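One file, start.txt, is given below (compact mmCIF, C-alpha atoms).
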```txt
# COMPACT_ATOMS: atom_id res chain seq x y z
CA MET S 1 -19.97 -41.37 -39.72
CA ASN S 2 -23.11 -39.61 -38.56
CA GLN S 3 -23.08 -40.72 -34.98
CA THR S 4 -25.44 -39.09 -32.59
CA TYR S 5 -24.80 -38.97 -28.90
CA SER S 6 -27.39 -38.72 -26.23
CA ILE S 7 -26.98 -37.05 -22.87
CA HIS S 8 -26.48 -40.42 -21.21
CA ASP S 9 -23.73 -41.63 -23.53
CA PRO S 10 -20.14 -41.29 -22.30
CA VAL S 11 -18.10 -38.55 -23.97
CA PRO S 12 -15.54 -39.88 -26.43
CA PRO S 13 -11.97 -39.50 -25.08
CA GLN S 14 -10.82 -37.05 -27.78
CA ASP S 15 -13.80 -34.78 -27.05
CA ALA S 16 -13.37 -35.16 -23.30
CA ALA S 17 -9.85 -33.71 -23.38
CA ARG S 18 -11.02 -30.74 -25.47
CA MET S 19 -14.01 -30.16 -23.21
CA GLU S 20 -11.84 -30.32 -20.12
CA GLN S 21 -9.44 -27.77 -21.60
CA ARG S 22 -12.32 -25.43 -22.51
CA VAL S 23 -13.74 -25.70 -18.98
CA GLU S 24 -10.32 -24.96 -17.46
CA ASP S 25 -9.85 -21.94 -19.76
CA HIS S 26 -13.34 -20.72 -18.89
CA LEU S 27 -12.73 -21.11 -15.15
CA THR S 28 -9.33 -19.40 -15.39
CA VAL S 29 -10.87 -16.34 -17.03
CA HIS S 30 -13.67 -16.21 -14.47
CA SER S 31 -11.37 -16.76 -11.50
CA ARG S 32 -9.03 -13.99 -12.65
CA ALA S 33 -11.93 -11.61 -13.11
CA LEU S 34 -13.36 -12.50 -9.72
CA THR S 35 -9.97 -12.13 -8.08
CA GLY S 36 -9.56 -8.69 -9.62
CA LEU S 37 -13.02 -7.64 -8.49
CA PHE S 38 -12.33 -8.98 -5.01
CA LEU S 39 -9.08 -7.00 -4.77
CA LEU S 40 -10.83 -3.84 -5.94
CA ALA S 41 -13.55 -4.37 -3.35
CA VAL S 42 -10.99 -4.88 -0.58
CA LEU S 43 -9.04 -1.75 -1.58
CA TYR S 44 -12.25 0.30 -1.83
CA THR S 45 -13.36 -0.95 1.59
CA LEU S 46 -9.98 -0.10 3.11
CA HIS S 47 -10.10 3.35 1.51
CA LEU S 48 -13.57 4.05 2.89
CA GLY S 49 -12.72 2.53 6.25
CA GLN S 50 -9.40 4.30 6.75
CA VAL S 51 -11.09 6.53 9.33
CA ILE S 52 -11.62 3.39 11.40
CA PHE S 53 -8.72 1.17 10.31
CA LEU S 54 -5.89 3.71 10.66
CA PRO S 55 -6.47 4.45 14.38
CA MET S 56 -6.93 0.73 15.01
CA ALA S 57 -3.63 -0.04 13.25
CA ILE S 58 -1.83 2.67 15.23
CA ALA S 59 -3.35 1.34 18.47
CA CYS S 60 -2.17 -2.20 17.67
CA LEU S 61 1.30 -0.91 16.83
CA LEU S 62 1.52 1.04 20.09
CA ALA S 63 0.20 -1.94 22.05
CA VAL S 64 2.96 -4.14 20.64
CA LEU S 65 5.55 -1.42 21.15
CA PHE S 66 4.63 -0.66 24.75
CA ALA S 67 3.78 -4.19 25.96
CA PRO S 68 7.27 -4.90 27.39
CA LEU S 69 7.41 -1.55 29.16
CA LEU S 70 3.92 -2.02 30.55
CA ARG S 71 4.89 -5.50 31.77
CA ARG S 72 7.93 -4.02 33.54
CA LEU S 73 5.81 -1.34 35.20
CA LYS S 74 3.39 -4.06 36.33
CA GLN S 75 6.32 -5.94 37.92
CA TRP S 76 7.09 -2.74 39.88
CA HIS S 77 3.50 -2.86 41.20
CA VAL S 78 2.26 0.04 39.09
CA PRO S 79 -1.41 -0.54 38.16
CA GLU S 80 -1.81 -1.41 34.49
CA PRO S 81 -4.17 1.49 33.58
CA LEU S 82 -1.88 4.00 35.29
CA GLY S 83 1.17 2.54 33.54
CA ALA S 84 -0.61 2.73 30.18
CA ALA S 85 -1.58 6.35 30.84
CA VAL S 86 2.00 7.25 31.79
CA LEU S 87 3.42 5.55 28.69
CA LEU S 88 0.86 7.22 26.43
CA ALA S 89 1.56 10.62 27.99
CA LEU S 90 5.30 10.12 27.46
CA PHE S 91 4.70 9.08 23.85
CA VAL S 92 2.51 12.10 23.09
CA THR S 93 4.98 14.42 24.85
CA GLY S 94 7.83 13.03 22.77
CA LEU S 95 5.80 13.37 19.59
CA VAL S 96 4.90 17.01 20.34
CA TYR S 97 8.51 17.79 21.26
CA GLY S 98 9.75 16.28 18.00
CA VAL S 99 7.24 18.25 15.93
CA LEU S 100 8.15 21.48 17.70
CA ARG S 101 11.86 20.87 17.19
CA LEU S 102 11.37 20.16 13.48
CA ALA S 103 8.94 23.03 12.81
CA GLU S 104 11.56 25.77 12.60
CA PRO S 105 14.01 23.92 10.30
CA ALA S 106 11.12 22.81 8.10
CA ALA S 107 9.83 26.38 7.78
CA GLU S 108 13.33 27.61 6.97
CA TRP S 109 13.81 24.89 4.39
CA SER S 110 10.46 25.66 2.76
CA THR S 111 11.52 29.28 2.22
CA ARG S 112 14.72 28.12 0.49
CA VAL S 113 13.05 25.59 -1.82
CA PRO S 114 12.02 28.02 -4.62
CA ILE S 115 15.56 29.40 -4.86
CA ALA S 116 17.05 25.92 -4.92
CA LEU S 117 14.60 24.82 -7.62
CA ARG S 118 15.50 27.81 -9.80
CA THR S 119 19.20 26.99 -9.36
CA VAL S 120 18.65 23.38 -10.34
CA GLU S 121 16.56 24.41 -13.32
CA TYR S 122 19.30 26.79 -14.48
CA LYS S 123 21.97 24.08 -14.10
CA ILE S 124 20.06 21.45 -16.06
CA GLN S 125 19.06 23.88 -18.80
CA ALA S 126 22.09 22.89 -20.92
CA VAL S 127 21.29 19.19 -20.54
CA LYS S 128 17.65 19.84 -21.38
CA LYS S 129 18.67 21.74 -24.53
CA SER S 130 20.94 18.92 -25.70
CA MET S 131 18.18 16.36 -25.07
CA GLN S 132 15.79 18.43 -27.16
CA ASP S 133 18.40 18.53 -29.94
CA VAL S 134 18.76 14.75 -29.81
CA THR S 135 14.98 14.35 -29.93
CA LYS S 136 14.76 16.64 -32.98
CA ALA S 137 17.58 14.72 -34.68
CA THR S 138 15.84 11.37 -34.17
CA GLU S 139 12.53 12.69 -35.52
CA LEU S 140 14.04 13.52 -38.93
```

Just give me the structure as structure tokens.
Amino acid sequence: MNQTYSIHDPVPPQDAARMEQRVEDHLTVHSRALTGLFLLAVLYTLHLGQVIFLPMAIACLLAVLFAPLLRRLKQWHVPEPLGAAVLLALFVTGLVYGVLRLAEPAAEWSTRVPIALRTVEYKIQAVKKSMQDVTKATEL
């Protein structure tokens, strides 16, 4: 039963199946590791490049959003750069107006938050006490 195989001999079928399984397992482990490293590299690149990618993403979003309006202005014989400038000015004006309108309620709400948190803490104190009692009872 001492058979020796050379490099040029075909692999016996029972060994071939085992070898194939081992190669597949080996490749699966490596491909998962490489996929994980690739995803980490992509996330790290996006994190470092957010200074570049975020304005580009916003620009693409605005381009898609304003394309129909810009097309309509072009039909009315408004030059495309002027139409884009008008739309951008309207967008920025609306954004500033919205922030200014929300600033006062947000400031008022932020002054009421500590009081509301104390009220909530007082109201859940009984529930918190009973949960601590249950935890003590289960530890015994």

Would you tabulate, counting all atoms listed in the file, all residues of stretch 81-138 of chain S that have an atom at most 8 Å from an atom of stretch 52-73 of chain S, showing the closest pair of atoms and their distance in Å to one decimal, sorted by chain then ascending number, as a Markdown table?
```
| residue | atom | partner | partner_atom | distance |
| --- | --- | --- | --- | --- |
| S:Gly83 | CA | S:Leu70 | CA | 6.1 |
| S:Ala84 | CA | S:Leu70 | CA | 6.6 |
| S:Leu87 | CA | S:Phe66 | CA | 7.5 |
```

request  = Would you mind reading off the distance between atom CA of S:Thr35 and atom CA of S:Ala17, one decimal, in Å?
outcome  =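 Atom-to-atom, atom CA of S:Thr35 and atom CA of S:Ala17 are spaced 26.5 Å apart.
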
query = Expressed in Å to a single decimal, how great is the separation between atom CA of S:Leu117 and atom CA of S:Gly98?
reply =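 Atom CA of S:Leu117 sits 27.4 Å away from atom CA of S:Gly98.
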
query = How many Å lie between atom CA of S:Ala116 and atom CA of S:Gln132, rounded to one decimal?
reply =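 Atom CA of S:Gln132 lies 23.5 Å from atom CA of S:Ala116.
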